[in-house]
Structures are given as structure tokens and as C-alpha cells.
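Dumped entry-v8.cif below, it's mmCIF, C-alpha atoms:
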data_data
loop_
_atom_site.label_atom_id
_atom_site.label_comp_id
_atom_site.auth_asym_id
_atom_site.auth_seq_id
_atom_site.Cartn_x
_atom_site.Cartn_y
_atom_site.Cartn_z
CA LEU Z 1 -19.38 0.66 -10.43
CA ARG Z 2 -15.96 -0.60 -9.36
CA THR Z 3 -14.82 3.00 -8.78
CA MET Z 4 -17.91 3.77 -6.70
CA ILE Z 5 -17.37 0.69 -4.54
CA GLY Z 6 -13.71 1.59 -4.05
CA LYS Z 7 -14.61 5.14 -2.98
CA ALA Z 8 -17.28 3.85 -0.62
CA PHE Z 9 -14.79 1.47 0.99
CA VAL Z 10 -12.22 4.25 1.48
CA LEU Z 11 -14.85 6.54 3.01
CA ALA Z 12 -16.08 3.78 5.34
CA ALA Z 13 -12.53 2.99 6.43
CA ALA Z 14 -11.82 6.68 7.07
CA ALA Z 15 -15.03 7.02 9.10
CA ALA Z 16 -14.14 3.95 11.18
CA ALA Z 17 -10.62 5.23 11.76
CA SER Z 18 -11.96 8.57 12.98
CA LEU Z 19 -13.81 6.76 15.77
CA LEU Z 20 -10.70 5.03 17.10
CA GLY Z 21 -9.13 6.13 20.36
CA THR Z 22 -5.39 6.34 20.99
CA HIS Z 23 -3.26 4.91 23.77
CA GLN Z 24 0.06 6.68 24.36
CA ASP Z 25 2.98 5.68 26.56
CA PRO Z 26 5.56 8.52 26.71
CA ARG Z 27 7.80 6.54 29.08
CA LEU Z 28 8.43 3.73 26.59
CA GLY Z 29 7.88 5.96 23.56
CA PHE Z 30 4.93 4.52 21.58
CA LYS Z 31 1.30 5.05 20.70
CA ILE Z 32 -1.37 2.79 19.22
CA ASP Z 33 -5.03 3.14 18.28
CA THR Z 34 -7.72 1.45 20.37
CA PRO Z 35 -11.07 0.23 18.97
CA SER Z 36 -14.08 2.51 19.07
CA GLY Z 37 -16.53 1.69 21.84
CA TRP Z 38 -13.84 0.11 24.02
CA SER Z 39 -13.17 1.45 27.51
CA GLN Z 40 -9.91 1.45 29.41
CA ILE Z 41 -10.15 -0.68 32.54
CA PRO Z 42 -7.92 -0.49 35.64
CA VAL Z 43 -4.85 -2.68 35.89
CA LYS Z 44 -4.07 -4.36 39.22
CA PRO Z 45 -1.23 -2.64 41.12
CA ASP Z 46 0.74 -5.90 41.27
CA GLU Z 47 0.56 -6.40 37.47
CA LYS Z 48 3.29 -3.92 36.56
CA TRP Z 49 3.99 -5.70 33.27
CA ILE Z 50 0.46 -4.87 32.06
CA LEU Z 51 0.80 -1.40 30.55
CA ALA Z 52 -2.86 -1.01 29.58
CA ARG Z 53 -6.08 -2.95 29.19
CA TYR Z 54 -9.16 -2.07 27.13
CA ARG Z 55 -12.48 -3.90 26.96
CA SER Z 56 -15.34 -3.73 24.46
CA ASP Z 57 -18.58 -2.25 25.76
CA LYS Z 58 -20.50 -4.82 23.68
CA LEU Z 59 -20.87 -8.54 24.35
CA ASP Z 60 -20.23 -11.32 21.87
CA LEU Z 61 -22.23 -14.56 22.19
CA PHE Z 62 -21.17 -18.13 21.49
CA ASN Z 63 -23.66 -21.01 21.40
CA ASP Z 64 -23.19 -24.73 20.99
CA LYS Z 65 -25.50 -27.70 21.59
CA ASP Z 66 -25.34 -27.56 25.37
CA TRP Z 67 -23.88 -24.23 26.42
CA SER Z 68 -24.02 -20.51 25.76
CA TRP Z 69 -21.22 -18.06 26.62
CA GLU Z 70 -20.98 -14.28 26.72
CA HIS Z 71 -17.65 -12.51 26.37
CA LYS Z 72 -16.41 -8.94 26.01
CA PRO Z 73 -13.29 -8.75 23.78
CA GLU Z 74 -10.16 -7.36 25.40
CA MET Z 75 -7.04 -5.55 24.25
CA THR Z 76 -4.02 -5.94 26.54
CA VAL Z 77 -0.68 -4.15 26.18
CA ILE Z 78 2.14 -6.08 27.88
CA GLY Z 79 5.70 -4.83 28.31
CA PHE Z 80 8.71 -7.13 28.54
CA GLU Z 81 11.51 -4.73 29.48
CA ALA Z 82 14.91 -6.44 29.37
CA GLU Z 83 15.99 -5.16 32.78
CA ALA Z 84 12.67 -5.96 34.48
CA THR Z 85 12.58 -9.57 33.24
CA LYS Z 86 16.07 -10.19 34.69
CA LYS Z 87 15.26 -8.88 38.17
CA GLY Z 88 14.20 -11.14 40.98
CA PRO Z 89 11.26 -10.39 43.29
CA LYS Z 90 11.25 -7.49 45.73
CA VAL Z 91 10.45 -8.79 49.23
CA THR Z 92 9.08 -6.41 51.86
CA GLN Z 93 8.48 -7.47 55.47
CA GLU Z 94 5.12 -6.06 56.59
CA SER Z 95 5.02 -7.77 60.00
CA ASP Z 96 6.70 -10.57 61.95
CA THR Z 97 4.84 -13.21 59.95
CA ARG Z 98 3.82 -11.37 56.78
CA PHE Z 99 5.99 -10.70 53.74
CA LYS Z 100 5.02 -8.98 50.50
CA VAL Z 101 6.58 -10.31 47.28
CA GLU Z 102 6.48 -8.07 44.18
CA PHE Z 103 7.69 -8.74 40.64
CA GLU Z 104 8.37 -6.07 38.05
CA ASN Z 105 7.79 -8.81 35.49
CA PRO Z 106 7.80 -12.53 36.38
CA TYR Z 107 7.68 -13.63 32.71
CA LYS Z 108 10.70 -14.15 30.46
CA ASP Z 109 8.81 -13.16 27.31
CA TYR Z 110 5.36 -13.34 25.69
CA LYS Z 111 5.63 -17.08 25.09
CA ASP Z 112 6.21 -17.61 28.81
CA TYR Z 113 3.30 -15.27 29.64
CA LEU Z 114 1.00 -17.15 27.30
CA LYS Z 115 2.00 -20.54 28.66
CA ARG Z 116 1.27 -19.59 32.26
CA THR Z 117 -1.77 -17.38 31.65
CA TYR Z 118 -3.61 -19.93 29.50
CA SER Z 119 -2.35 -23.05 31.26
CA GLY Z 120 -5.94 -24.09 32.07
CA GLY Z 121 -6.93 -24.54 28.44
CA GLY Z 122 -5.53 -26.11 25.31
CA TYR Z 123 -4.07 -23.55 22.90
CA TYR Z 124 -1.81 -23.59 19.88
CA GLU Z 125 -0.21 -21.12 17.47
CA SER Z 126 -2.03 -21.18 14.17
CA GLU Z 127 0.17 -18.49 12.61
CA ASN Z 128 3.44 -16.67 13.30
CA LYS Z 129 4.78 -14.19 10.75
CA GLU Z 130 7.46 -11.52 10.79
CA GLY Z 131 7.08 -8.02 9.43
CA THR Z 132 7.58 -4.32 10.12
CA VAL Z 133 5.24 -1.55 11.22
CA GLY Z 134 6.50 2.00 10.98
CA GLY Z 135 10.07 0.74 10.71
CA VAL Z 136 9.73 -1.44 13.83
CA LYS Z 137 10.24 -5.20 13.58
CA VAL Z 138 7.16 -7.16 14.63
CA ASN Z 139 6.04 -10.76 15.09
CA CYS Z 140 2.39 -11.32 14.14
CA ILE Z 141 0.94 -14.28 16.04
CA GLU Z 142 -2.50 -15.93 15.98
CA ILE Z 143 -3.46 -18.38 18.72
CA LYS Z 144 -6.50 -20.60 19.10
CA VAL Z 145 -7.74 -21.55 22.56
CA GLU Z 146 -10.17 -24.42 22.11
CA LYS Z 147 -10.03 -27.05 24.89
CA LEU Z 148 -11.07 -26.79 28.53
CA VAL Z 149 -12.26 -23.21 28.02
CA SER Z 150 -14.84 -22.12 30.59
CA THR Z 151 -16.04 -19.11 28.60
CA GLY Z 152 -16.02 -20.49 25.06
CA PRO Z 153 -13.34 -21.04 22.39
CA LYS Z 154 -11.17 -17.96 21.80
CA ARG Z 155 -8.98 -16.44 19.12
CA ILE Z 156 -5.97 -14.44 20.28
CA THR Z 157 -4.20 -12.06 17.93
CA THR Z 158 -0.92 -10.68 19.27
CA TRP Z 159 1.66 -8.47 17.57
CA ILE Z 160 4.99 -8.17 19.36
CA TYR Z 161 6.87 -4.95 18.55
CA HIS Z 162 10.63 -5.10 19.16
CA LEU Z 163 11.90 -1.77 20.47
CA PRO Z 164 15.35 -1.12 21.98
CA GLY Z 165 15.34 -2.67 25.45
CA VAL Z 166 11.70 -3.73 25.41
CA ASP Z 167 9.31 -6.05 23.57
CA LEU Z 168 5.74 -4.76 23.49
CA ALA Z 169 3.02 -7.39 23.05
CA VAL Z 170 -0.39 -6.04 22.03
CA GLN Z 171 -2.91 -8.84 22.50
CA PHE Z 172 -6.55 -9.01 21.37
CA GLU Z 173 -8.74 -11.79 22.76
CA VAL Z 174 -12.17 -12.46 21.21
CA LEU Z 175 -14.58 -15.37 20.87
CA GLU Z 176 -13.69 -17.57 17.90
CA ASN Z 177 -17.03 -17.04 16.16
CA ALA Z 178 -16.76 -13.23 16.53
CA PHE Z 179 -13.22 -12.94 15.20
CA GLU Z 180 -13.99 -12.38 11.51
CA LYS Z 181 -16.41 -9.52 12.13
CA ARG Z 182 -13.83 -7.82 14.36
CA ARG Z 183 -10.72 -8.66 12.34
CA MET Z 184 -10.60 -5.44 10.28
CA GLU Z 185 -10.81 -3.18 13.32
CA ILE Z 186 -8.24 -5.22 15.28
CA GLU Z 187 -5.74 -5.20 12.41
CA ALA Z 188 -6.26 -1.46 11.87
CA CYS Z 189 -5.26 -0.85 15.49
CA LEU Z 190 -2.23 -3.14 15.28
CA LYS Z 191 -1.02 -1.46 12.08
CA SER Z 192 -1.35 1.99 13.69
CA PHE Z 193 1.58 1.40 16.08
CA LYS Z 194 4.07 4.27 16.05
CA THR Z 195 7.07 5.33 18.08
CA ILE Z 196 7.01 8.74 19.75
CA ALA Z 197 9.57 10.81 21.64
CA LYS Z 198 10.15 9.48 25.13
CA ALA Z 199 9.24 11.74 28.02
CA ASN Z 200 12.73 11.48 29.54
CA ALA Z 201 14.66 11.68 26.27
CA PRO Z 202 17.08 14.62 25.84
CA ASP Z 203 16.04 17.39 23.46
CA ALA Z 204 18.15 16.95 20.32
CA THR Z 205 17.60 20.61 19.37
CA ALA Z 206 18.84 21.99 22.70
CA LYS Z 207 22.16 23.80 22.55
CA PRO Z 208 24.87 22.60 24.96
CA ALA Z 209 25.72 24.93 27.80
CA ALA Z 210 28.74 27.15 27.21
CA GLY Z 211 31.90 25.80 28.82
CA LYS Z 212 34.32 27.70 31.03
CA ALA Z 213 37.31 29.22 29.23
CA LEU Z 214 40.61 27.69 30.41
CA THR Z 215 43.76 29.61 31.13
CA ALA Z 216 47.08 28.76 29.48
CA GLU Z 217 48.31 27.16 32.70
CA GLU Z 218 45.19 25.01 32.97
CA LEU Z 219 45.54 23.88 29.36
CA GLU Z 220 49.14 22.79 29.97
CA GLY Z 221 48.03 20.71 32.95
CA LEU Z 222 45.46 18.67 30.96
CA THR Z 223 46.14 15.06 30.02
CA PRO Z 224 45.97 14.03 26.33
#
Once more with this new file: its structure as C-alpha cells, please.
Amino acid sequence: LRTMIGKAFVLAAAAAASLLGTHQDPRLGFKIDTPSGWSQIPVKPDEKWILARYRSDKLDLFNDKDWSWEHKPEMTVIGFEAEATKKGPKVTQESDTRFKVEFENPYKDYKDYLKRTYSGGGYYESENKEGTVGGVKVNCIEIKVEKLVSTGPKRITTWIYHLPGVDLAVQFEVLENAFEKRRMEIEACLKSFKTIAKANAPDATAKPAAGKALTAEELEGLTP
């Protein structure tokens, strides 16, 4: 019986995994699975630090004594590139009285992003662990948003992958009461993170171009 249950679990996990989508970013060199039944939604042009956003097609419902909330879980991929976080705003004059201010990334890191994004509600870290995924160092964080929440108490699960020159935060936000039923799928996506070849990386297998042969006189004129 134990063997049958084990096989059934493996088959169910394999079937679930086959339904997952994949998000790839050749510029930064990574890919990660996205949950089945979640659609990619547009990112605002002025949110350059948001690399991708996915939203569940299905609603979760939270009820208490006086209120009822509906919420669609979201997956957000946020990039904190070292160079972008150091840059100041780009200011463009559009008219005599109108100026456009753009940031590549106004946040120092994920902690700063969290503080300013969820400033309207009370939140706290319930867990923060270190680990590795595919040889990449990662911080695994769980956050509870419970007070002053207009759409119901939330659970945020964020894994921050530390790549050379960039920290990638993959954040899942769900209603607190829906977290356990979605936990397995969320963790499967987070554990699927892998690095890939960057689009602008040089081909390691390419042979260097042949150099010009130097004459004896030219060789004598070279510095050490």
C-alpha cells in the first residue's frame, strides 16, 4: 500500500509539473516555472524593476464575521541590478512647465521595496532561511500581512536569488487562508529556478580570429 501511495504521489507531481509554464529572461540569464492556469499580465512602462508579473485565473475567497474579500494570487519577478539601484532619476523636460522623472529602480533592495509597497498595512517576517537552488544562493522569506489590509490578510512567499550583479526576488502573494492549498505549487515553481546562457554572453566555443603575422622589424619594436 505504501508503495502504491508513493507511486501515485510521484505521478501526480509529474502531471502537475507538466502543466507549469516557464518564464525566461535571456538578458539576465535565468528561467523559472510559473503556475498552471496563471496568465502573464502587462507591467507598467515606468516599473522597469518589475521583470514579469503573473496572475491566477481563479479567485480565492476570504470571509470573516463582517467582510468578504476576493483575491487573485500573483507572482511578481523583481530585479535589483547593482548598477540600476545606484543610479539617480532620469529627468526629461517635456514642456516649459512639465518634467518627466524616471527611475531604473528606486529601491535599494527587496526589504526597501517591501517596506514602501506594503506601507499601508502591518506586515512582519515570519521566516527567513538561507539555501541554494541549482548552485545559486537564495534567501527564502515568508511574510504575513495582517493589519489594515483592504483586501484581506495575505501571505507573501519570496525567494531572493543572488546572481552576479543582480538580486532576483520572486514573490508570490496569496490570501492567508488559501496559502496551504497553493503551497506545493508555489514551492515547486521557486525550486525550479535555473540559470541559462545570457543573450549577450560571448560564445565560449567560438574560435578567436586569426591574428596578423608580424615582421621581424615589428617584433623588435614591441614593448615587453
Which one is closest to Tyr123 of chain Z: Z:Ile143, Z:Tyr107, Z:Glu187, Z:Pro73? Count all atoms listed in the file.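 Once distances to Tyr123 of chain Z are computed over all atoms listed in the file, the minimum belongs to Z:Ile143.
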Starting from the shown file, work through the PyMOL selection byres ((chain Z and resi 140) around 8) and note down what comes out as a PyMOL selection string. chain Z and resi 127-131+138-139+141-142+157-160
Just-selected residues, C-alpha atoms written as a CSV table (one decimal), in the frame of the given file:
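result19.csv, freshly written:
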chain,number,residue,atom,x,y,z
Z,127,GLU,CA,0.2,-18.5,12.6
Z,128,ASN,CA,3.4,-16.7,13.3
Z,129,LYS,CA,4.8,-14.2,10.8
Z,130,GLU,CA,7.5,-11.5,10.8
Z,131,GLY,CA,7.1,-8.0,9.4
Z,138,VAL,CA,7.2,-7.2,14.6
Z,139,ASN,CA,6.0,-10.8,15.1
Z,141,ILE,CA,0.9,-14.3,16.0
Z,142,GLU,CA,-2.5,-15.9,16.0
Z,157,THR,CA,-4.2,-12.1,17.9
Z,158,THR,CA,-0.9,-10.7,19.3
Z,159,TRP,CA,1.7,-8.5,17.6
Z,160,ILE,CA,5.0,-8.2,19.4
Which residue gives the smallest distance to Glu185 of chain Z among Z:Thr117, Z:Asn63, Z:Ser36, Z:Thr22, with all atoms listed in the file counted?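 Of Z:Thr117, Z:Asn63, Z:Ser36, Z:Thr22, the one nearest Glu185 of chain Z is Z:Ser36, counting all atoms listed in the file.
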Pairwise distance for atom CA of Asp60 of chain Z and atom CA of Met184 of chain Z, rounded to one decimal in Å: 16.2 Å
Could you jot down the atom CA of Val170 of chain Z to atom CA of Asp64 of chain Z separation for me, Å, one decimal place?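 Atom-to-atom, atom CA of Val170 of chain Z to atom CA of Asp64 of chain Z, that is 29.5 Å.
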For the file shown, what are the residues hit by the PyMOL selection byres ((chain Z and resi 39-49) around 7), laid out as a PyMOL selection string? chain Z and resi 37-38+50-57+78-80+102+104-105
On this structure, the PyMOL selection byres ((chain Z and resi 153) around 12) would catch which residues? List them as a ChimeraX atom specification, sorted by chain and number. /Z:60-64,67-71,121-123,143-152,154-156,173-179
What separates atom CA of Met75 of chain Z and atom CA of Ala169 of chain Z is a distance of 10.3 Å
Looking at Z:Val166, Z:Ala82, Z:Gln171, Z:Leu114, which one is nearest to Arg27 of chain Z, with distances taken over only C-alpha atoms?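 Among the listed residues, the smallest separation from Arg27 of chain Z belongs to Z:Val166.
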Using all atoms listed in the file: which of Z:Ala197, Z:Ile32, Z:Leu163, Z:Leu59 has the shortest distance to Thr76 of chain Z: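 When distances to Thr76 of chain Z are compared using all atoms listed in the file, the smallest one comes from Z:Ile32.
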